[in-house]
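Structure file target32.txt (compact mmCIF, C-alpha atoms) follows.
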```
# COMPACT_ATOMS: atom_id res chain seq x y z
CA ILE A 1 76.65 57.53 -27.65
CA SER A 2 74.18 57.67 -30.47
CA PRO A 3 74.19 54.15 -31.87
CA THR A 4 72.22 52.64 -34.61
CA TRP A 5 69.00 51.24 -33.15
CA ALA A 6 67.08 48.24 -34.42
CA SER A 7 64.10 46.07 -33.37
CA SER A 8 64.17 42.33 -34.01
CA ASN A 9 60.38 42.30 -34.45
CA THR A 10 58.95 45.56 -35.68
CA SER A 11 55.42 44.13 -35.56
CA VAL A 12 55.79 44.01 -31.79
CA ALA A 13 57.71 47.27 -31.30
CA THR A 14 59.64 49.82 -33.27
CA VAL A 15 62.56 52.01 -32.21
CA THR A 16 63.53 55.43 -33.51
CA THR A 17 67.05 56.68 -34.19
CA SER A 18 66.85 58.55 -30.94
CA GLY A 19 65.96 55.39 -28.95
CA THR A 20 62.21 55.79 -28.54
CA VAL A 21 60.51 52.38 -28.45
CA THR A 22 56.83 52.15 -29.40
CA ALA A 23 54.80 49.05 -28.49
CA LEU A 24 52.57 47.88 -31.32
CA ALA A 25 51.34 44.38 -30.48
CA ALA A 26 51.59 41.68 -27.82
CA GLY A 27 54.85 39.77 -27.98
CA ALA A 28 58.58 40.20 -27.40
CA THR A 29 61.27 41.98 -29.42
CA THR A 30 64.96 42.64 -28.94
CA ILE A 31 66.10 46.26 -29.22
CA THR A 32 69.74 46.38 -30.33
CA ALA A 33 72.23 49.27 -30.31
CA THR A 34 75.24 49.07 -32.71
CA SER A 35 78.28 51.38 -32.80
CA ASP A 36 81.87 50.95 -34.06
CA GLY A 37 81.38 47.22 -34.53
CA GLN A 38 79.98 46.69 -31.06
CA SER A 39 76.40 46.00 -30.08
CA GLY A 40 74.18 45.65 -27.03
CA SER A 41 70.54 44.74 -26.62
CA VAL A 42 67.51 44.59 -24.36
CA VAL A 43 64.35 42.46 -24.63
CA ILE A 44 61.08 44.37 -24.64
CA THR A 45 57.85 42.46 -23.77
CA VAL A 46 54.55 43.92 -24.96
CA THR A 47 51.14 42.89 -23.54
CA GLU A 48 47.62 43.68 -24.73
CA LEU A 49 45.90 46.69 -23.16
CA VAL A 50 43.49 45.37 -20.45
CA SER A 51 40.20 47.28 -20.27
CA LEU A 52 37.41 47.25 -17.69
CA LEU A 53 34.41 45.37 -19.10
CA SER A 54 31.90 45.45 -16.22
CA VAL A 55 31.30 46.05 -12.51
CA SER A 56 29.11 43.76 -10.38
CA VAL A 57 27.91 44.52 -6.86
CA SER A 58 27.12 42.11 -4.01
CA ALA A 59 25.85 42.77 -0.49
CA ASP A 60 26.27 40.85 2.76
CA ALA A 61 22.51 41.30 3.18
CA THR A 62 19.93 42.76 0.82
CA SER A 63 17.08 42.86 3.37
CA LEU A 64 17.56 45.12 6.37
CA LYS A 65 15.53 46.56 9.20
CA VAL A 66 15.71 50.23 10.11
CA GLY A 67 18.97 50.89 11.94
CA GLU A 68 20.80 47.86 10.59
CA THR A 69 23.88 48.01 8.34
CA THR A 70 25.43 45.86 5.62
CA THR A 71 28.51 45.97 3.42
CA VAL A 72 28.49 46.15 -0.38
CA THR A 73 31.39 44.95 -2.51
CA ALA A 74 32.25 45.87 -6.13
CA THR A 75 33.98 43.36 -8.40
CA ALA A 76 35.52 44.41 -11.72
CA THR A 77 35.77 42.10 -14.74
CA TYR A 78 38.52 42.91 -17.27
CA SER A 79 39.00 42.20 -20.96
CA ASP A 80 41.65 39.56 -20.21
CA GLY A 81 39.12 37.54 -18.18
CA THR A 82 40.51 38.47 -14.77
CA THR A 83 38.48 39.93 -11.92
CA SER A 84 39.32 41.96 -8.84
CA THR A 85 37.64 43.76 -5.97
CA ILE A 86 37.75 47.52 -6.54
CA SER A 87 37.00 50.72 -4.65
CA PRO A 88 34.42 52.47 -6.82
CA THR A 89 32.33 55.57 -6.31
CA TRP A 90 29.28 54.50 -4.30
CA VAL A 91 25.83 56.11 -4.47
CA SER A 92 22.33 55.36 -3.16
CA SER A 93 19.29 56.04 -5.35
CA ASP A 94 17.22 56.98 -2.28
CA THR A 95 19.19 58.30 0.66
CA SER A 96 16.00 58.61 2.72
CA VAL A 97 15.82 54.79 2.70
CA ALA A 98 19.53 53.98 3.01
CA THR A 99 22.89 55.71 2.69
CA VAL A 100 26.22 54.27 1.58
CA THR A 101 29.71 55.38 2.62
CA ALA A 102 32.78 55.63 0.40
CA SER A 103 33.96 52.32 1.86
CA GLY A 104 30.68 50.54 1.04
CA THR A 105 28.83 50.52 4.38
CA VAL A 106 25.06 50.75 3.85
CA THR A 107 22.89 52.09 6.70
CA ALA A 108 19.10 51.49 6.68
CA LEU A 109 17.12 54.62 7.59
CA ALA A 110 13.47 54.02 6.67
CA ALA A 111 11.21 51.39 5.15
CA GLY A 112 11.45 51.13 1.35
CA THR A 113 13.88 50.09 -1.39
CA THR A 114 16.99 51.78 -2.75
CA THR A 115 19.55 50.87 -5.39
CA ILE A 116 23.20 51.01 -4.34
CA ALA A 117 25.36 51.66 -7.41
CA ALA A 118 29.11 51.34 -7.90
CA THR A 119 30.80 53.31 -10.70
CA SER A 120 34.39 52.90 -11.95
CA GLY A 121 36.12 53.39 -15.30
CA GLY A 122 32.87 54.26 -17.00
CA GLN A 123 31.19 51.04 -15.86
CA THR A 124 28.38 50.71 -13.28
CA GLY A 125 26.93 47.85 -11.25
CA SER A 126 24.23 47.86 -8.61
CA VAL A 127 22.27 45.94 -5.99
CA VAL A 128 18.78 46.57 -4.58
CA ILE A 129 18.48 46.94 -0.80
CA THR A 130 15.07 46.47 0.86
CA VAL A 131 14.48 48.07 4.25
CA ALA A 132 11.65 47.07 6.61
CA GLU A 133 10.38 48.76 9.74
CA VAL A 134 11.52 47.32 13.05
CA VAL A 135 8.68 45.07 14.26
CA SER A 136 8.10 45.26 18.02
CA LEU A 137 6.20 42.93 20.32
CA LEU A 138 2.97 44.58 21.48
CA SER A 139 1.31 41.93 23.64
CA ILE A 140 1.13 38.25 24.62
CA SER A 141 -2.06 36.25 25.08
CA VAL A 142 -2.17 32.85 26.77
CA SER A 143 -4.63 30.00 26.16
CA ALA A 144 -4.93 26.58 27.79
CA ASP A 145 -6.32 23.25 26.60
CA ALA A 146 -8.22 23.15 29.89
CA THR A 147 -8.48 25.69 32.69
CA SER A 148 -10.16 23.34 35.19
CA LEU A 149 -8.14 20.31 36.27
CA THR A 150 -8.31 17.64 38.95
CA VAL A 151 -5.22 16.70 40.91
CA GLY A 152 -2.83 14.70 38.71
CA GLU A 153 -4.21 15.94 35.39
CA THR A 154 -2.20 18.00 32.88
CA ALA A 155 -2.96 20.74 30.37
CA THR A 156 -0.97 22.58 27.72
CA VAL A 157 -0.69 26.36 27.66
CA THR A 158 0.12 28.29 24.49
CA ALA A 159 1.47 31.84 24.14
CA THR A 160 0.58 33.97 21.10
CA ALA A 161 2.48 37.18 20.37
CA THR A 162 0.97 40.20 18.61
CA TYR A 163 3.42 42.52 16.80
CA SER A 164 3.38 46.16 15.76
CA ASP A 165 2.87 45.21 12.10
CA GLY A 166 -0.38 43.42 12.98
CA THR A 167 0.99 39.91 12.63
CA THR A 168 0.74 37.20 15.27
CA SER A 169 2.75 34.07 16.00
CA ILE A 170 3.02 31.32 18.59
CA ILE A 171 6.15 31.87 20.69
CA SER A 172 8.22 30.01 23.28
CA PRO A 173 8.18 32.34 26.29
CA THR A 174 9.42 31.95 29.83
CA TRP A 175 6.65 30.19 31.79
CA ALA A 176 5.89 30.62 35.49
CA SER A 177 3.19 29.53 37.96
CA SER A 178 2.06 31.95 40.69
CA ASP A 179 1.48 29.01 43.09
CA THR A 180 3.65 25.97 42.46
CA SER A 181 1.94 24.09 45.29
CA VAL A 182 -1.25 24.11 43.18
CA ALA A 183 0.26 23.55 39.72
CA ILE A 184 3.64 23.70 38.02
CA VAL A 185 4.47 24.52 34.40
CA THR A 186 7.39 23.28 32.30
CA ALA A 187 9.49 25.29 29.86
CA SER A 188 7.46 23.76 27.01
CA GLY A 189 4.12 24.80 28.58
CA THR A 190 2.87 21.59 30.22
CA VAL A 191 0.85 22.35 33.38
CA THR A 192 0.55 19.63 36.04
CA ALA A 193 -2.11 19.91 38.75
CA LEU A 194 -0.77 19.14 42.24
CA ALA A 195 -3.36 20.29 44.78
CA ALA A 196 -6.76 21.96 45.00
CA GLY A 197 -6.66 25.73 44.47
CA THR A 198 -6.01 28.30 41.76
CA THR A 199 -2.80 29.48 40.16
CA THR A 200 -1.94 31.95 37.42
CA ILE A 201 0.26 30.66 34.61
CA THR A 202 2.24 33.55 33.12
CA ALA A 203 4.18 33.80 29.84
CA THR A 204 6.94 36.43 29.55
CA SER A 205 8.81 37.46 26.40
CA GLY A 206 10.34 40.68 25.11
CA GLY A 207 9.17 42.67 28.12
CA GLN A 208 5.54 41.61 27.62
CA THR A 209 3.44 39.18 29.68
CA GLY A 210 0.19 37.27 29.34
CA SER A 211 -1.53 34.83 31.68
CA VAL A 212 -4.33 32.36 32.28
CA VAL A 213 -5.90 31.16 35.55
CA ILE A 214 -5.91 27.42 36.22
CA THR A 215 -8.33 25.97 38.80
CA VAL A 216 -7.47 22.64 40.39
CA THR A 217 -9.96 20.47 42.30
CA GLU A 218 -9.40 17.35 44.35
CA LEU A 219 -9.78 14.04 42.55
CA VAL A 220 -13.34 12.84 43.25
CA SER A 221 -13.72 9.08 43.84
CA LEU A 222 -16.79 6.87 44.22
CA LEU A 223 -17.52 6.03 47.87
CA SER A 224 -20.69 3.98 47.67
CA VAL A 225 -23.68 2.91 45.60
CA SER A 226 -27.22 2.72 46.99
CA VAL A 227 -30.23 1.13 45.28
CA SER A 228 -33.91 2.03 45.56
CA ALA A 229 -36.97 0.44 43.93
CA ASP A 230 -40.34 1.87 43.00
CA ALA A 231 -41.81 -1.23 44.70
CA THR A 232 -40.10 -3.98 46.67
CA SER A 233 -43.12 -6.32 46.84
CA LEU A 234 -44.42 -7.73 43.60
CA THR A 235 -46.72 -10.45 42.46
CA VAL A 236 -45.73 -12.78 39.66
CA GLY A 237 -45.83 -10.96 36.29
CA GLU A 238 -45.48 -7.47 37.72
CA THR A 239 -42.52 -5.15 37.05
CA THR A 240 -40.79 -2.34 38.92
CA SER A 241 -37.84 -0.01 38.30
CA VAL A 242 -34.67 0.11 40.38
CA THR A 243 -32.41 3.17 40.56
CA ALA A 244 -28.71 3.35 41.55
CA THR A 245 -27.34 6.44 43.28
CA ALA A 246 -23.57 7.06 43.63
CA THR A 247 -22.05 9.00 46.52
CA TYR A 248 -18.63 10.63 45.91
CA THR A 249 -15.74 11.78 48.12
CA ASP A 250 -16.66 15.42 47.62
CA GLY A 251 -20.11 14.78 49.14
CA THR A 252 -22.00 14.95 45.87
CA THR A 253 -24.41 12.28 44.63
CA ALA A 254 -25.58 11.29 41.17
CA THR A 255 -27.85 8.75 39.53
CA ILE A 256 -25.69 6.31 37.59
CA SER A 257 -26.10 3.48 35.10
CA PRO A 258 -24.44 0.51 36.79
CA THR A 259 -24.20 -3.14 35.93
CA TRP A 260 -27.37 -4.81 37.23
CA GLY A 261 -27.66 -8.36 38.52
CA SER A 262 -30.26 -10.59 40.25
CA SER A 263 -29.32 -13.10 42.93
CA ASP A 264 -32.12 -15.43 41.76
CA SER A 265 -33.33 -14.92 38.22
CA SER A 266 -35.94 -17.65 38.69
CA VAL A 267 -37.67 -15.30 41.13
CA ALA A 268 -36.93 -11.98 39.36
CA THR A 269 -34.80 -10.74 36.49
CA VAL A 270 -33.42 -7.23 35.93
CA SER A 271 -32.64 -5.54 32.59
CA THR A 272 -29.63 -3.33 31.82
CA THR A 273 -31.86 -0.28 32.26
CA GLY A 274 -33.10 -1.40 35.71
CA THR A 275 -36.49 -2.93 34.96
CA VAL A 276 -37.27 -5.81 37.37
CA THR A 277 -39.71 -8.53 36.27
CA ALA A 278 -41.25 -10.88 38.85
CA ASN A 279 -41.13 -14.52 37.68
CA ALA A 280 -42.01 -16.70 40.66
CA ALA A 281 -42.72 -16.46 44.37
CA GLY A 282 -39.63 -15.89 46.47
CA VAL A 283 -37.02 -13.28 47.29
CA ALA A 284 -34.29 -11.99 44.93
CA THR A 285 -31.59 -9.41 45.65
CA ILE A 286 -31.11 -6.88 42.87
CA THR A 287 -27.51 -5.58 42.87
CA ALA A 288 -25.94 -2.53 41.18
CA THR A 289 -22.15 -2.52 40.56
CA SER A 290 -20.04 0.48 39.46
CA GLY A 291 -16.47 1.60 40.03
CA GLY A 292 -15.77 -1.28 42.39
CA GLN A 293 -18.74 -0.38 44.61
CA THR A 294 -22.06 -2.25 44.97
CA GLY A 295 -25.50 -1.59 46.39
CA SER A 296 -28.64 -3.74 46.49
CA VAL A 297 -32.32 -4.02 47.29
CA ALA A 298 -34.42 -7.11 48.11
CA ILE A 299 -37.47 -7.79 45.94
CA THR A 300 -40.19 -10.09 47.36
CA VAL A 301 -42.41 -11.83 44.84
CA ALA A 302 -45.75 -13.42 45.80
CA GLU A 303 -47.95 -15.75 43.80
CA VAL A 304 -50.93 -14.20 42.09
CA VAL A 305 -54.01 -14.85 44.30
CA SER A 306 -57.09 -15.78 42.26
CA LEU A 307 -60.75 -16.35 43.29
CA LEU A 308 -61.45 -20.07 43.20
CA SER A 309 -65.06 -20.28 44.52
CA ILE A 310 -67.81 -18.61 46.54
CA SER A 311 -69.75 -20.36 49.32
CA VAL A 312 -73.01 -19.08 50.85
CA SER A 313 -74.28 -19.59 54.43
CA ALA A 314 -77.43 -18.43 56.28
CA ASP A 315 -78.19 -17.69 60.01
CA ALA A 316 -81.33 -19.78 59.76
```
Just give me the structure of the file as structure tokens.
Amino acid sequence: ISPTWASSNTSVATVTTSGTVTALAAGATTITATSDGQSGSVVITVTELVSLLSVSVSADATSLKVGETTTVTATATYSDGTTSTISPTWVSSDTSVATVTASGTVTALAAGTTTIAATSGGQTGSVVITVAEVVSLLSISVSADATSLTVGETATVTATATYSDGTTSIISPTWASSDTSVAIVTASGTVTALAAGTTTITATSGGQTGSVVITVTELVSLLSVSVSADATSLTVGETTSVTATATYTDGTTATISPTWGSSDSSVATVSTTGTVTANAAGVATITATSGGQTGSVAITVAEVVSLLSISVSADA
């Protein structure tokens, strides 16, 4: 039929005699058809037109190395305050640095920067991607706090890496000793000397190695102390010097500065530097003590003999 049409709120929507409804403003209106005393209706709801205000772009990572990939995402903001992830048209400002697929996958190709832009509904958003060269490990050098140890001592070894971009850094490599009977090395780089000999401590990382040679000697202990004197017979008031010589387990000897003592300081005293002074007639033992060992020398002191008188005799 061709009824009479009417809108309950013509500011929201109007209706023509042929039944065409035109939305004018947000709201609701009832469209009613009337014919031969009968009527029917339908409710029409009108909403504001939502427009795209802006597009923003985010990336899983904005710093890449050559060969790496990341994903970019475009988010649309609308005039009604809502947001949603969209599928825009993607483009890279420098495809020699990085390319972007239609689905938003960015692939780094060469060192540099490029802007990845998303365009939709006349709006554009972008993000800057920085690409760096792949840095490779060129070499490893190894240093040690000490390269000569005695049995039981420890040293620390350090590994320094040099990279293709010219930078260096201290690294934590895999450590190994070429002769674990001479010295061992822990994962943290502590070397412990076990026996006399030499061993090479090697650091390995990223296919590169570096090393340092560690020499271990036996622990040398003091075997004995011997004492000598410039003079062992003195007269009262005279002085002499005593010297202490140490003999070690490796067969070496050395002059040492021991603790000096006199068995009878009334006869002779001795200074810390080994100067003996004769005080009175008698015998005193001068002793040197060092490292639990002692040595000594006897000093004999005689009275000073002076001329008391001269007598004269004749044959006839």
Might you pull out every residue within 8 Å of stretch 235-246 of chain A, with all atoms listed in the file counted and same-chain residues fewer than 5 positions away left off, and present them as a PDB file with C-alpha atoms, keeping the file's coordinate frame?
```pdb
ATOM      1  CA  LEU A 222     -16.790   6.870  44.220  1.00  0.00           C
ATOM      2  CA  LEU A 223     -17.520   6.030  47.870  1.00  0.00           C
ATOM      3  CA  SER A 224     -20.690   3.980  47.670  1.00  0.00           C
ATOM      4  CA  VAL A 225     -23.680   2.910  45.600  1.00  0.00           C
ATOM      5  CA  SER A 226     -27.220   2.720  46.990  1.00  0.00           C
ATOM      6  CA  VAL A 227     -30.230   1.130  45.280  1.00  0.00           C
ATOM      7  CA  SER A 228     -33.910   2.030  45.560  1.00  0.00           C
ATOM      8  CA  ALA A 229     -36.970   0.440  43.930  1.00  0.00           C
ATOM      9  CA  ASP A 230     -40.340   1.870  43.000  1.00  0.00           C
ATOM     10  CA  THR A 253     -24.410  12.280  44.630  1.00  0.00           C
ATOM     11  CA  ALA A 254     -25.580  11.290  41.170  1.00  0.00           C
ATOM     12  CA  THR A 255     -27.850   8.750  39.530  1.00  0.00           C
ATOM     13  CA  ILE A 256     -25.690   6.310  37.590  1.00  0.00           C
ATOM     14  CA  SER A 257     -26.100   3.480  35.100  1.00  0.00           C
ATOM     15  CA  PRO A 258     -24.440   0.510  36.790  1.00  0.00           C
ATOM     16  CA  GLY A 274     -33.100  -1.400  35.710  1.00  0.00           C
ATOM     17  CA  THR A 275     -36.490  -2.930  34.960  1.00  0.00           C
ATOM     18  CA  VAL A 276     -37.270  -5.810  37.370  1.00  0.00           C
ATOM     19  CA  THR A 277     -39.710  -8.530  36.270  1.00  0.00           C
ATOM     20  CA  ALA A 278     -41.250 -10.880  38.850  1.00  0.00           C
ATOM     21  CA  ASN A 279     -41.130 -14.520  37.680  1.00  0.00           C
ATOM     22  CA  ALA A 280     -42.010 -16.700  40.660  1.00  0.00           C
ATOM     23  CA  ALA A 281     -42.720 -16.460  44.370  1.00  0.00           C
ATOM     24  CA  ALA A 288     -25.940  -2.530  41.180  1.00  0.00           C
ATOM     25  CA  GLY A 295     -25.500  -1.590  46.390  1.00  0.00           C
ATOM     26  CA  VAL A 301     -42.410 -11.830  44.840  1.00  0.00           C
ATOM     27  CA  ALA A 302     -45.750 -13.420  45.800  1.00  0.00           C
ATOM     28  CA  GLU A 303     -47.950 -15.750  43.800  1.00  0.00           C
ATOM     29  CA  VAL A 304     -50.930 -14.200  42.090  1.00  0.00           C
TER      30      VAL A 304
END
```
So which residues touch A:Ala74 within 8 Å, counting all atoms listed in the file, skipping near sequence neighbours fewer than 3 positions away, as a PyMOL selection string? chain A and resi 55-58+85-88+118+125
Based on the selection just made, write C-alpha atoms of those residues as a PDB file, in the frame of the given file.
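The result, written out as part.pdb:
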```pdb
ATOM      1  CA  VAL A  55      31.300  46.050 -12.510  1.00  0.00           C
ATOM      2  CA  SER A  56      29.110  43.760 -10.380  1.00  0.00           C
ATOM      3  CA  VAL A  57      27.910  44.520  -6.860  1.00  0.00           C
ATOM      4  CA  SER A  58      27.120  42.110  -4.010  1.00  0.00           C
ATOM      5  CA  THR A  85      37.640  43.760  -5.970  1.00  0.00           C
ATOM      6  CA  ILE A  86      37.750  47.520  -6.540  1.00  0.00           C
ATOM      7  CA  SER A  87      37.000  50.720  -4.650  1.00  0.00           C
ATOM      8  CA  PRO A  88      34.420  52.470  -6.820  1.00  0.00           C
ATOM      9  CA  ALA A 118      29.110  51.340  -7.900  1.00  0.00           C
ATOM     10  CA  GLY A 125      26.930  47.850 -11.250  1.00  0.00           C
TER      11      GLY A 125
END
```
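Put simply, atom CA of A:Val91 is 10.9 Å away from atom CA of A:Val127.
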Taking all atoms listed in the file into account, name the residue in A:Ala132, A:Ala193, A:Ile44, A:Ala102 that is nearest to A:Ser8.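 So, comparing all the options, the nearest one is A:Ile44.
Across the structure, atom CA of A:Thr190 and atom CA of A:Ser136 are spaced 27.1 Å apart.
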If we count only C-alpha atoms and set the cut-off at 9 Å, which residues sit around A:Trp175, ignoring sequence neighbours fewer than 4 positions away in its own chain? Please answer as JSON, numbers by chain. {"A": [185, 186, 187, 188, 189, 201, 202, 203, 204]}
Test item: which residues lie within 7 Å of (5.2, 38.7, 23.9) counting only C-alpha atoms, as a list in words: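 Here the neighbourhood of the point contains Leu137, Leu138, Ser139, Ile140, Ala161, Thr162, Thr204, Ser205, Gly206, Gln208 and Thr209 of chain A.
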Give me the box for stretch 41-54 of chain A as AutoDock Vina command-line options, namely the centre and edge lengths in Å to one decimal of a box along x, y and z that holds every listed atom plus 8 Å on each side.
```
--center_x 51.2 --center_y 44.9 --center_z -21.4 --size_x 54.6 --size_y 20.8 --size_z 26.4
```
Expressed in Å to a single decimal, how great is the separation between atom CA of A:Asn9 and atom CA of A:Asp80?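 Between atom CA of A:Asn9 and atom CA of A:Asp80 the gap works out to 23.7 Å.
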Measuring atom to atom with only C-alpha atoms, identify which of A:Thr273, A:Asp315, A:Ser221, A:Thr83 is nearest to A:Gly291. A:Ser221
Among listed residues A:Thr119, A:Thr168, A:Thr147, A:Thr198, nearest A:Val135 (using all atoms listed in the file): A:Thr168
Selection: 12 Å around A:Ala23, all atoms listed in the file, excl. self and same-chain fewer than 2 positions, as a PyMOL selection string: chain A and resi 7+9-16+20-21+25-29+31+44-49
Selection: 7 Å around A:Val142, only C-alpha atoms, excl. self and same-chain fewer than 3 positions, as a list in words: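 Answer for this query is Val157, Thr158, Ala159, Thr160, Gly210, Ser211 and Val212 of chain A.
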I need the chosen residues saved as a CSV table (one decimal), in the coordinates of the input, with C-alpha atoms.
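The resulting out_18.csv:
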```csv
chain,number,residue,atom,x,y,z
A,157,VAL,CA,-0.7,26.4,27.7
A,158,THR,CA,0.1,28.3,24.5
A,159,ALA,CA,1.5,31.8,24.1
A,160,THR,CA,0.6,34.0,21.1
A,210,GLY,CA,0.2,37.3,29.3
A,211,SER,CA,-1.5,34.8,31.7
A,212,VAL,CA,-4.3,32.4,32.3
```
Counting only C-alpha atoms, note down every residue that has an atom within 7 Å of the point (-24.4, -8.2, 39.1) (file coordinates), as a PyMOL selection string. chain A and resi 259-262+287-289
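Of the listed residues (A:Ala117, A:Ala110, A:Val131, A:Ile214), A:Ile214 comes nearest to A:Asp145; the distances count only C-alpha atoms.
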Nearest candidate to A:Ala183 (options A:Ala298, A:Ala195, A:Ala6, A:Ala61; using only C-alpha atoms): A:Ala195
